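Raw upload.txt, compact mmCIF, C-alpha atoms:
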# COMPACT_ATOMS: atom_id res chain seq x y z
CA MET A 1 0.00 0.00 0.00
CA ASP A 2 1.03 3.60 -0.49
CA PHE A 3 0.89 5.44 2.85
CA SER A 4 1.60 8.82 1.28
CA ARG A 5 -1.94 8.69 -0.16
CA TYR A 6 -3.19 9.11 3.41
CA PHE A 7 -0.27 10.93 5.03
CA PRO A 8 1.18 13.76 2.96
CA ILE A 9 3.90 14.05 5.63
CA TRP A 10 5.09 10.48 4.89
CA PRO A 11 8.46 11.68 3.44
CA GLN A 12 9.12 13.58 6.69
CA LEU A 13 9.02 10.42 8.79
CA THR A 14 12.25 8.51 9.47
CA ALA A 15 12.88 5.21 7.69
CA ALA A 16 12.34 3.38 11.00
CA GLU A 17 9.01 5.14 11.60
CA ARG A 18 7.80 4.34 8.10
CA GLU A 19 8.75 0.71 8.53
CA HIS A 20 7.06 0.52 11.95
CA LEU A 21 3.78 1.95 10.59
CA SER A 22 3.86 -0.20 7.44
CA ALA A 23 4.46 -3.39 9.39
CA ALA A 24 1.60 -2.63 11.79
CA ALA A 25 -1.07 -1.82 9.17
CA VAL A 26 -3.57 -4.59 8.51
CA CYS A 27 -5.95 -4.72 5.56
CA ARG A 28 -9.63 -5.49 6.23
CA GLU A 29 -12.52 -6.03 3.88
CA VAL A 30 -15.85 -5.17 5.50
CA LYS A 31 -19.41 -5.61 4.30
CA GLN A 32 -21.90 -2.76 4.08
CA GLY A 33 -23.55 -2.27 7.48
CA THR A 34 -20.59 -3.55 9.54
CA LEU A 35 -20.29 -1.66 12.83
CA LEU A 36 -16.57 -0.87 13.08
CA HIS A 37 -16.47 1.18 16.25
CA SER A 38 -19.01 2.00 18.90
CA GLY A 39 -18.29 4.47 21.64
CA SER A 40 -15.25 5.26 23.73
CA ALA A 41 -14.85 1.72 25.08
CA ASP A 42 -13.78 0.48 21.64
CA CYS A 43 -10.28 1.12 20.39
CA LEU A 44 -9.96 -0.46 17.01
CA GLY A 45 -7.27 1.90 15.73
CA LEU A 46 -6.75 4.40 12.97
CA LEU A 47 -8.75 3.57 9.85
CA MET A 48 -7.66 4.49 6.34
CA VAL A 49 -10.30 4.10 3.66
CA GLU A 50 -8.89 2.49 0.51
CA ALA A 51 -12.29 1.98 -1.10
CA GLY A 52 -15.90 2.30 0.01
CA ARG A 53 -17.46 4.67 2.49
CA LEU A 54 -17.75 4.96 6.28
CA ARG A 55 -20.20 6.95 8.34
CA ALA A 56 -19.50 8.45 11.78
CA TYR A 57 -22.58 9.11 13.87
CA ILE A 58 -23.85 9.50 17.41
CA LEU A 59 -26.63 7.49 18.94
CA SER A 60 -29.03 8.50 21.71
CA GLY A 61 -30.16 6.23 24.52
CA GLU A 62 -33.45 5.74 22.68
CA GLY A 63 -31.73 4.67 19.47
CA ARG A 64 -32.03 7.93 17.51
CA GLU A 65 -29.05 8.77 15.30
CA ILE A 66 -27.42 11.78 13.72
CA THR A 67 -24.71 11.57 11.05
CA LEU A 68 -21.57 13.55 11.93
CA TYR A 69 -19.63 13.07 8.71
CA ARG A 70 -18.67 10.58 6.00
CA LEU A 71 -15.24 9.12 5.35
CA LEU A 72 -14.51 8.54 1.69
CA GLU A 73 -11.61 7.01 -0.22
CA ARG A 74 -8.24 8.33 1.11
CA ASP A 75 -9.82 9.64 4.31
CA VAL A 76 -8.39 8.78 7.71
CA CYS A 77 -10.64 8.07 10.71
CA LEU A 78 -9.12 9.23 13.99
CA LEU A 79 -12.06 8.83 16.35
CA SER A 80 -11.83 5.04 16.16
CA ALA A 81 -8.40 5.48 17.78
CA SER A 82 -9.40 8.17 20.28
CA CYS A 83 -8.43 5.94 23.23
CA MET A 84 -4.83 6.90 22.43
CA MET A 85 -5.54 10.46 23.55
CA ARG A 86 -5.96 11.32 27.20
CA GLY A 87 -9.17 13.11 28.07
CA ALA A 88 -10.88 12.29 24.80
CA GLN A 89 -14.09 10.39 25.45
CA PHE A 90 -16.12 10.27 22.29
CA ASP A 91 -19.33 8.32 22.12
CA VAL A 92 -19.17 8.06 18.39
CA ALA A 93 -20.03 5.05 16.25
CA VAL A 94 -18.48 4.27 12.88
CA GLU A 95 -20.08 1.92 10.36
CA ALA A 96 -19.35 0.83 6.80
CA GLU A 97 -21.97 2.47 4.63
CA ARG A 98 -20.72 0.54 1.57
CA ASP A 99 -18.68 -2.63 1.19
CA SER A 100 -15.27 -1.18 2.04
CA THR A 101 -11.55 -1.93 2.03
CA LEU A 102 -9.72 -0.45 4.99
CA TRP A 103 -6.24 -0.33 6.45
CA VAL A 104 -6.13 -0.46 10.24
CA ILE A 105 -3.20 0.82 12.33
CA PRO A 106 -3.42 -0.24 15.98
CA SER A 107 -3.87 2.77 18.29
CA GLU A 108 -0.88 1.93 20.48
CA THR A 109 1.52 1.71 17.52
CA TYR A 110 0.30 5.01 16.17
CA ARG A 111 0.52 6.68 19.56
CA GLN A 112 4.12 5.48 20.08
CA ILE A 113 5.30 6.83 16.74
CA MET A 114 3.40 10.09 17.13
CA ALA A 115 4.95 10.63 20.60
CA ASN A 116 8.36 11.08 18.95
CA SER A 117 7.44 12.48 15.57
CA ALA A 118 6.59 16.18 15.36
CA PRO A 119 5.46 15.87 11.70
CA LEU A 120 3.04 13.03 12.48
CA ALA A 121 1.71 14.76 15.62
CA ASN A 122 1.15 18.01 13.73
CA TYR A 123 -0.60 16.21 10.90
CA THR A 124 -2.81 14.37 13.38
CA ASN A 125 -3.63 17.74 14.90
CA GLU A 126 -4.76 19.01 11.52
CA LEU A 127 -6.93 15.97 10.89
CA MET A 128 -8.58 16.37 14.28
CA ALA A 129 -9.10 20.11 13.87
CA GLY A 130 -10.80 19.43 10.54
CA ARG A 131 -13.22 16.92 12.09
CA PHE A 132 -13.80 19.24 15.03
CA ALA A 133 -14.73 22.01 12.60
CA ASP A 134 -17.13 19.63 10.77
CA VAL A 135 -18.91 18.82 14.01
CA MET A 136 -19.08 22.49 15.03
CA TRP A 137 -20.63 23.29 11.67
CA LEU A 138 -23.18 20.54 12.17
CA MET A 139 -23.93 21.83 15.65
CA GLU A 140 -24.67 25.26 14.23
CA GLN A 141 -26.96 23.66 11.66
CA VAL A 142 -28.82 21.76 14.34
CA MET A 143 -29.08 24.76 16.63
CA TRP A 144 -29.98 27.49 14.24
CA LYS A 145 -31.23 26.15 10.95
CA SER A 146 -34.81 25.22 10.54
CA MET A 147 -35.52 21.69 9.38
CA ASP A 148 -36.52 22.70 5.84
CA ARG A 149 -33.08 24.18 5.18
CA ARG A 150 -31.29 21.20 6.75
CA LEU A 151 -33.33 18.72 4.74
CA ALA A 152 -32.72 20.60 1.48
CA ALA A 153 -28.96 20.72 2.19
CA PHE A 154 -28.96 17.01 3.07
CA LEU A 155 -30.73 15.98 -0.17
CA LEU A 156 -28.27 18.02 -2.24
CA GLU A 157 -25.26 16.52 -0.47
CA GLU A 158 -26.57 13.00 -0.94
CA ALA A 159 -27.22 13.63 -4.62
CA ALA A 160 -23.64 14.92 -5.05
CA LEU A 161 -22.21 11.97 -3.10
CA GLU A 162 -24.23 9.35 -5.01
CA GLU A 163 -24.03 11.16 -8.35
CA THR A 164 -27.74 10.67 -8.95
CA GLU A 165 -30.89 12.69 -8.49
CA VAL A 166 -32.94 9.68 -7.47
CA LEU A 167 -31.93 8.91 -3.90
CA PRO A 168 -32.74 5.39 -2.70
CA LEU A 169 -33.48 6.54 0.86
CA THR A 170 -36.48 5.79 3.04
CA GLN A 171 -37.94 8.62 5.08
CA GLU A 172 -36.93 6.71 8.21
CA ARG A 173 -33.30 6.67 7.02
CA ILE A 174 -33.34 10.41 6.27
CA GLY A 175 -34.67 11.01 9.78
CA ALA A 176 -31.76 9.00 11.21
CA HIS A 177 -29.25 11.12 9.30
CA LEU A 178 -30.79 14.36 10.50
CA GLY A 179 -31.51 13.25 14.05
CA THR A 180 -35.24 13.76 13.76
CA ALA A 181 -38.39 11.66 13.72
CA ARG A 182 -39.67 10.08 10.49
CA GLU A 183 -42.94 12.02 10.83
CA VAL A 184 -41.09 15.34 10.67
CA VAL A 185 -39.27 14.22 7.51
CA THR A 186 -42.50 12.98 5.92
CA ARG A 187 -44.27 16.25 6.59
CA MET A 188 -41.40 18.28 5.16
CA LEU A 189 -40.96 16.08 2.08
CA ARG A 190 -44.66 16.37 1.29
CA TYR A 191 -44.31 20.13 1.53
CA PHE A 192 -41.26 19.95 -0.79
CA GLN A 193 -43.28 17.82 -3.23
CA GLY A 194 -46.08 20.39 -3.18
CA GLU A 195 -43.50 23.05 -4.07
CA GLY A 196 -42.22 20.93 -6.98
CA LEU A 197 -38.80 20.50 -5.36
CA VAL A 198 -38.90 16.70 -5.12
CA LYS A 199 -40.99 13.75 -6.23
CA LEU A 200 -41.67 11.04 -3.66
CA ARG A 201 -41.41 7.43 -4.78
CA ARG A 202 -41.59 4.17 -2.91
CA GLY A 203 -38.35 4.04 -0.86
CA ALA A 204 -36.80 6.87 -2.86
CA VAL A 205 -36.76 10.63 -3.31
CA GLU A 206 -36.19 12.25 -6.68
CA LEU A 207 -34.81 15.79 -6.79
CA THR A 208 -36.87 17.57 -9.45
CA ASP A 209 -35.67 21.13 -8.76
CA PRO A 210 -32.08 21.14 -7.45
CA ALA A 211 -31.79 24.90 -8.02
CA GLY A 212 -34.85 25.48 -5.84
CA LEU A 213 -33.38 23.22 -3.15
CA ARG A 214 -30.11 25.13 -3.29
CA ALA A 215 -31.95 28.43 -2.83
CA LEU A 216 -33.78 26.96 0.16
CA ALA A 217 -30.59 25.53 1.67
CA GLY A 218 -29.04 28.99 1.39
CA LYS A 219 -26.14 27.75 -0.75
CA MET B 1 5.25 33.49 34.90
CA ASP B 2 5.38 29.75 35.34
CA PHE B 3 4.60 28.01 32.03
CA SER B 4 4.59 24.56 33.57
CA ARG B 5 1.27 25.52 35.21
CA TYR B 6 -0.27 25.46 31.72
CA PHE B 7 2.03 23.00 29.96
CA PRO B 8 2.88 19.88 31.95
CA ILE B 9 5.26 18.97 29.10
CA TRP B 10 7.34 22.14 29.74
CA PRO B 11 10.40 20.16 30.99
CA GLN B 12 10.36 18.17 27.72
CA LEU B 13 10.90 21.27 25.60
CA THR B 14 14.44 22.35 24.70
CA ALA B 15 15.95 25.40 26.43
CA ALA B 16 15.67 27.34 23.15
CA GLU B 17 11.98 26.44 22.75
CA ARG B 18 11.23 27.46 26.33
CA GLU B 19 12.98 30.77 25.81
CA HIS B 20 11.18 31.39 22.50
CA LEU B 21 7.75 30.79 24.09
CA SER B 22 8.53 32.82 27.21
CA ALA B 23 9.78 35.79 25.20
CA ALA B 24 6.66 35.77 22.99
CA ALA B 25 4.06 35.61 25.77
CA VAL B 26 2.33 38.89 26.57
CA CYS B 27 0.24 39.57 29.66
CA ARG B 28 -3.18 41.19 29.22
CA GLU B 29 -5.70 42.40 31.75
CA VAL B 30 -9.23 42.39 30.37
CA LYS B 31 -12.50 43.66 31.78
CA GLN B 32 -15.58 41.50 32.16
CA GLY B 33 -17.52 41.45 28.90
CA THR B 34 -14.49 41.99 26.63
CA LEU B 35 -14.86 40.10 23.35
CA LEU B 36 -11.46 38.46 22.85
CA HIS B 37 -12.06 36.48 19.70
CA SER B 38 -14.88 36.31 17.22
CA GLY B 39 -14.96 33.76 14.45
CA SER B 40 -12.35 32.29 12.19
CA ALA B 41 -11.18 35.62 10.76
CA ASP B 42 -9.62 36.54 14.12
CA CYS B 43 -6.31 35.07 15.15
CA LEU B 44 -5.39 36.50 18.51
CA GLY B 45 -3.26 33.55 19.62
CA LEU B 46 -3.18 30.97 22.37
CA LEU B 47 -4.74 32.23 25.61
CA MET B 48 -3.66 31.04 29.06
CA VAL B 49 -5.96 32.03 31.89
CA GLU B 50 -4.01 33.22 34.95
CA ALA B 51 -7.07 34.52 36.76
CA GLY B 52 -10.72 35.10 35.91
CA ARG B 53 -12.95 33.19 33.53
CA LEU B 54 -13.55 33.01 29.78
CA ARG B 55 -16.53 31.69 27.89
CA ALA B 56 -16.44 30.10 24.42
CA TYR B 57 -19.73 30.22 22.52
CA ILE B 58 -21.29 30.16 19.10
CA LEU B 59 -23.61 32.79 17.74
CA SER B 60 -26.35 32.42 15.14
CA GLY B 61 -27.09 34.90 12.39
CA GLU B 62 -30.03 36.15 14.44
CA GLY B 63 -27.89 36.77 17.53
CA ARG B 64 -28.84 33.67 19.53
CA GLU B 65 -26.01 32.11 21.55
CA ILE B 66 -25.04 28.78 23.02
CA THR B 67 -22.19 28.32 25.51
CA LEU B 68 -19.68 25.65 24.44
CA TYR B 69 -17.47 25.61 27.52
CA ARG B 70 -15.78 27.77 30.13
CA LEU B 71 -12.05 28.37 30.57
CA LEU B 72 -10.97 28.72 34.16
CA GLU B 73 -7.68 29.49 35.86
CA ARG B 74 -4.82 27.42 34.34
CA ASP B 75 -6.87 26.55 31.26
CA VAL B 76 -5.51 27.06 27.77
CA CYS B 77 -7.71 28.32 24.92
CA LEU B 78 -6.73 26.87 21.54
CA LEU B 79 -9.64 27.98 19.37
CA SER B 80 -8.49 31.60 19.51
CA ALA B 81 -5.37 30.35 17.68
CA SER B 82 -7.15 28.02 15.29
CA CYS B 83 -5.86 29.96 12.27
CA MET B 84 -2.56 28.15 12.84
CA MET B 85 -4.17 24.87 11.81
CA ARG B 86 -5.02 24.17 8.20
CA GLY B 87 -8.61 23.20 7.55
CA ALA B 88 -9.87 24.39 10.91
CA GLN B 89 -12.53 27.03 10.43
CA PHE B 90 -14.30 27.61 13.72
CA ASP B 91 -16.93 30.28 14.06
CA VAL B 92 -16.47 30.47 17.79
CA ALA B 93 -16.44 33.58 19.96
CA VAL B 94 -14.53 33.93 23.23
CA GLU B 95 -15.35 36.57 25.82
CA ALA B 96 -14.14 37.42 29.33
CA GLU B 97 -16.95 36.42 31.68
CA ARG B 98 -15.07 37.98 34.62
CA ASP B 99 -12.30 40.56 34.86
CA SER B 100 -9.41 38.33 33.79
CA THR B 101 -5.62 38.16 33.57
CA LEU B 102 -4.40 36.31 30.50
CA TRP B 103 -1.16 35.37 28.81
CA VAL B 104 -1.27 35.51 25.03
CA ILE B 105 1.14 33.58 22.77
CA PRO B 106 0.95 34.70 19.13
CA SER B 107 -0.36 31.91 16.87
CA GLU B 108 2.59 32.02 14.49
CA THR B 109 5.16 31.63 17.28
CA TYR B 110 3.28 28.71 18.73
CA ARG B 111 2.87 27.06 15.34
CA GLN B 112 6.60 27.36 14.60
CA ILE B 113 7.63 25.75 17.86
CA MET B 114 4.98 23.04 17.61
CA ALA B 115 6.13 22.18 14.06
CA ASN B 116 9.44 20.92 15.48
CA SER B 117 8.43 19.74 18.93
CA ALA B 118 6.73 16.36 19.21
CA PRO B 119 5.95 16.89 22.94
CA LEU B 120 4.24 20.24 22.29
CA ALA B 121 2.35 18.92 19.26
CA ASN B 122 1.15 15.88 21.21
CA TYR B 123 0.06 18.02 24.13
CA THR B 124 -1.81 20.37 21.79
CA ASN B 125 -3.51 17.30 20.35
CA GLU B 126 -4.69 16.30 23.80
CA LEU B 127 -6.03 19.78 24.54
CA MET B 128 -7.92 19.81 21.28
CA ALA B 129 -9.30 16.31 21.74
CA GLY B 130 -10.57 17.36 25.18
CA ARG B 131 -12.42 20.38 23.77
CA PHE B 132 -13.73 18.31 20.89
CA ALA B 133 -15.13 15.81 23.39
CA ASP B 134 -16.76 18.68 25.36
CA VAL B 135 -18.50 19.92 22.25
CA MET B 136 -19.61 16.41 21.26
CA TRP B 137 -21.08 15.97 24.72
CA LEU B 138 -22.92 19.25 24.38
CA MET B 139 -24.19 18.23 20.96
CA GLU B 140 -25.64 15.06 22.45
CA GLN B 141 -27.30 17.15 25.15
CA VAL B 142 -28.83 19.46 22.60
CA MET B 143 -29.95 16.64 20.36
CA TRP B 144 -31.33 14.18 22.81
CA LYS B 145 -31.98 15.73 26.20
CA SER B 146 -35.19 17.51 26.86
CA MET B 147 -34.93 21.10 28.05
CA ASP B 148 -35.91 20.33 31.65
CA ARG B 149 -32.89 18.05 32.09
CA ARG B 150 -30.55 20.52 30.38
CA LEU B 151 -31.78 23.41 32.53
CA ALA B 152 -31.43 21.39 35.76
CA ALA B 153 -27.87 20.35 34.78
CA PHE B 154 -27.01 23.96 33.89
CA LEU B 155 -28.25 25.35 37.24
CA LEU B 156 -26.23 22.74 39.16
CA GLU B 157 -23.08 23.47 37.16
CA GLU B 158 -23.44 27.21 37.72
CA ALA B 159 -23.97 26.69 41.45
CA ALA B 160 -20.81 24.56 41.62
CA LEU B 161 -18.83 27.10 39.56
CA GLU B 162 -19.99 30.10 41.60
CA GLU B 163 -20.02 28.24 44.93
CA THR B 164 -23.44 29.61 45.80
CA GLU B 165 -27.01 28.44 45.55
CA VAL B 166 -28.32 31.89 44.67
CA LEU B 167 -27.41 32.44 41.03
CA PRO B 168 -27.41 36.06 39.87
CA LEU B 169 -28.65 35.20 36.37
CA THR B 170 -31.51 36.68 34.41
CA GLN B 171 -33.77 34.34 32.47
CA GLU B 172 -32.55 35.97 29.26
CA ARG B 173 -28.95 35.10 30.19
CA ILE B 174 -29.86 31.48 30.96
CA GLY B 175 -31.54 31.28 27.56
CA ALA B 176 -28.33 32.54 25.90
CA HIS B 177 -26.28 29.83 27.64
CA LEU B 178 -28.66 27.09 26.57
CA GLY B 179 -29.33 28.38 23.08
CA THR B 180 -33.04 28.81 23.63
CA ALA B 181 -35.57 31.62 23.89
CA ARG B 182 -36.18 33.43 27.20
CA GLU B 183 -39.83 32.36 27.10
CA VAL B 184 -38.85 28.68 27.14
CA VAL B 185 -36.59 29.27 30.16
CA THR B 186 -39.29 31.25 31.97
CA ARG B 187 -41.85 28.52 31.44
CA MET B 188 -39.49 25.82 32.66
CA LEU B 189 -38.30 27.80 35.70
CA ARG B 190 -41.91 28.41 36.74
CA TYR B 191 -42.51 24.70 36.47
CA PHE B 192 -39.38 24.07 38.59
CA GLN B 193 -40.64 26.60 41.16
CA GLY B 194 -43.96 24.80 41.32
CA GLU B 195 -42.08 21.57 42.04
CA GLY B 196 -40.11 23.27 44.84
CA LEU B 197 -36.81 22.88 42.99
CA VAL B 198 -35.99 26.59 42.74
CA LYS B 199 -37.21 29.95 44.00
CA LEU B 200 -37.37 32.80 41.49
CA ARG B 201 -36.14 36.21 42.56
CA ARG B 202 -35.64 39.44 40.70
CA GLY B 203 -32.60 38.80 38.42
CA ALA B 204 -31.68 35.64 40.32
CA VAL B 205 -32.54 31.99 40.78
CA GLU B 206 -32.16 30.21 44.11
CA LEU B 207 -31.71 26.45 44.13
CA THR B 208 -33.94 25.18 46.93
CA ASP B 209 -33.72 21.45 46.18
CA PRO B 210 -30.34 20.57 44.62
CA ALA B 211 -30.95 16.85 45.18
CA GLY B 212 -34.19 17.08 43.23
CA LEU B 213 -32.39 18.94 40.43
CA ARG B 214 -29.69 16.27 40.35
CA ALA B 215 -32.32 13.57 40.04
CA LEU B 216 -33.95 15.47 37.17
CA ALA B 217 -30.60 16.06 35.44
CA GLY B 218 -29.94 12.33 35.66
CA LYS B 219 -26.67 12.83 37.59

Exercise: express the given structure as structure tokens:
Amino acid sequence: MDFSRYFPIWPQLTAAEREHLSAAAVCREVKQGTLLHSGSADCLGLLMVEAGRLRAYILSGEGREITLYRLLERDVCLLSASCMMRGAQFDVAVEAERDSTLWVIPSETYRQIMANSAPLANYTNELMAGRFADVMWLMEQVMWKSMDRRLAAFLLEEAALEETEVLPLTQERIGAHLGTAREVVTRMLRYFQGEGLVKLRRGAVELTDPAGLRALAGK
Amino acid sequence: MDFSRYFPIWPQLTAAEREHLSAAAVCREVKQGTLLHSGSADCLGLLMVEAGRLRAYILSGEGREITLYRLLERDVCLLSASCMMRGAQFDVAVEAERDSTLWVIPSETYRQIMANSAPLANYTNELMAGRFADVMWLMEQVMWKSMDRRLAAFLLEEAALEETEVLPLTQERIGAHLGTAREVVTRMLRYFQGEGLVKLRRGAVELTDPAGLRALAGK
């Protein structure tokens, strides 16, 4: 495998560090729906996505979900190795949203190398700051944006991610992504349909007016 | 000043790094209410709280607020230096909630030293992971906890922070901390008063049954 795809600072590591990381990385093939990490008790390690797609989300006591972010090809998942950082208790779950090929670096190996490598520690810092900013953005959405704008933005993002305007998503599933009840999604989608923004199908939503959705999402 | 109060890894820095940081730090006295940082355009630098108290919060377009966390004596504020990290755009504001004495390290100085120091970069990582976890916790609160539990938890935290059971807080101010309208707070506080949990005074809330509040907060 080519580590520099995931770590642009790869050339700044010593030969011994590169060898240590390479030897520790294990390749895993996982099926769609596999739960890779759940909460701070787990400590699977750092995940590098070679192919497929992962989803990081939080789960309430009553089983409601909200999607934090997606990890695509070449992305690195830090939260599944958060046990290596003192004071970081994250109750985040990570699942494979597609059949995926991953490289796993055990948390302890990564921590040891990072302890002595300023380039790796600084890069890890950047990765974490980026995820932190994603979650802060989401928090602002949840706090301040009304559901119609959030739903419009979500539909547009999904369409871009899937490269299709017919999204094979149930209303229940959309609710799980947005952290809201199915009934709220249903009501809003019917309103969108009335406005000509979408067309509801069995188990799918077709975007019929992406420009209108963009205007609504404020993008 | 004694940097090791803020940086337990101080002895692991080189003499040159210690000197560089010490020479760059500037002491500032700020009055209660001073806005120290607002959004990602600002880049004041790393703040170390010698005395007083800071509050980090986010602000909506319509001027609503929600408190993310407080910074007390010996705490270090990273988000006011987030410009030093690529990919980290945080629209966070930081204000002095009390008259405060702060040490400021310019972002660029800190970034330069961190680029070459694995101990400093790793410690910065830990600080950031801790704040990230705080915000994730808050997000779960906002998403899943009903307002009565959040309000009870907030009153208990304030009482512990202020070391008093008579909190000099207006209902408007409580709403700003919790990211909700004053009317919602008023309604809930009246309900709490009816249950004997609090007593409402002019511009203040007295906790009359902390044990009952703890039970409600689920603590």

Please, which residues in chain A fall within 7 Å of chain B when counting all atoms listed in the file, and what is the closest atom pair and distance in Å to one decimal for each, ordered by chain then residue number, as a Markdown table?
| residue | atom | partner | partner_atom | distance |
| --- | --- | --- | --- | --- |
| A:Ser60 | CA | B:Trp144 | CA | 6.2 |
| A:Met85 | CA | B:Glu126 | CA | 5.9 |
| A:Arg86 | CA | B:Glu126 | CA | 6.2 |
| A:Gly87 | CA | B:Gly130 | CA | 5.3 |
| A:Ala88 | CA | B:Gly130 | CA | 5.1 |
| A:Gln89 | CA | B:Ala133 | CA | 5.9 |
| A:Phe90 | CA | B:Ala133 | CA | 5.7 |
| A:Ala115 | CA | B:Ala118 | CA | 6.2 |
| A:Asn116 | CA | B:Ala118 | CA | 5.5 |
| A:Ser117 | CA | B:Ala118 | CA | 5.4 |
| A:Ala118 | CA | B:Ala118 | CA | 3.9 |
| A:Pro119 | CA | B:Ala115 | CA | 6.8 |
| A:Ala121 | CA | B:Ala121 | CA | 5.6 |
| A:Asn122 | CA | B:Ala121 | CA | 5.7 |
| A:Asn125 | CA | B:Asn125 | CA | 5.5 |
| A:Glu126 | CA | B:Met85 | CA | 5.9 |
| A:Ala129 | CA | B:Ala88 | CA | 5.3 |
| A:Gly130 | CA | B:Ala88 | CA | 5.1 |
| A:Phe132 | CA | B:Phe132 | CA | 5.9 |
| A:Ala133 | CA | B:Ala88 | CA | 5.7 |
| A:Met139 | CA | B:Met139 | CA | 6.4 |
| A:Trp144 | CA | B:Ser60 | CA | 6.2 |

May I have the residues within 8 Å of Tyr6 of chain A as a PDB file with C-alpha atoms, in the coordinates of the input, using all atoms listed in the file and disregarding those fewer than 6 positions away in the same chain?
ATOM      1  CA  MET A  48      -7.660   4.490   6.340  1.00  0.00           C
ATOM      2  CA  ARG A  74      -8.240   8.330   1.110  1.00  0.00           C
ATOM      3  CA  ASP A  75      -9.820   9.640   4.310  1.00  0.00           C
ATOM      4  CA  VAL A  76      -8.390   8.780   7.710  1.00  0.00           C
TER       5      VAL A  76
END

Which value, in Å to one decimal, gives the distance between atom CA of Ser80 of chain B and atom CA of Gln12 of chain A?
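Atom CA of Ser80 of chain B sits 28.3 Å away from atom CA of Gln12 of chain A.
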
For atom CA of Asp148 of chain A and atom CA of His177 of chain A, quote the distance in Å rounded to one decimal.
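Going from atom CA of Asp148 of chain A over to atom CA of His177 of chain A, I get 14.1 Å.
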
Could you work out how far atom CA of Tyr57 of chain A lies from atom CA of Tyr69 of chain A, giving the answer in Å with one decimal?
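Between atom CA of Tyr69 of chain A and atom CA of Tyr57 of chain A the gap is 7.1 Å.
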
So which residues fall inside 12 Å of (-33.5, 27.3, 47.1) if we count only C-alpha atoms? Mind giving them as a list in words?
Leu155, Leu156, Ala159, Thr164, Glu165, Val166, Leu167, Phe192, Gln193, Glu195, Gly196, Leu197, Val198, Lys199, Leu200, Arg201, Ala204, Val205, Glu206, Leu207, Thr208, Asp209, Pro210, Ala211, Gly212 and Leu213 of chain B

If the box runs along x, y and z of the file and leaves 8 Å on each side of segment 134-142 of chain A, what are its centre and edge lengths in Å, one decimal, as lines of an AutoDock Vina configuration file?
center_x = -23.0
center_y = 22.0
center_z = 13.2
size_x = 27.7
size_y = 22.4
size_z = 20.9

Please provide the set of residues having any atom within 10 Å of Val104 of chain A, restricted to all atoms listed in the file, with same-chain residues fewer than 3 positions apart removed, written as a PyMOL selection string.
chain A and resi 24-28+44-49+76-77+80-81+101+107
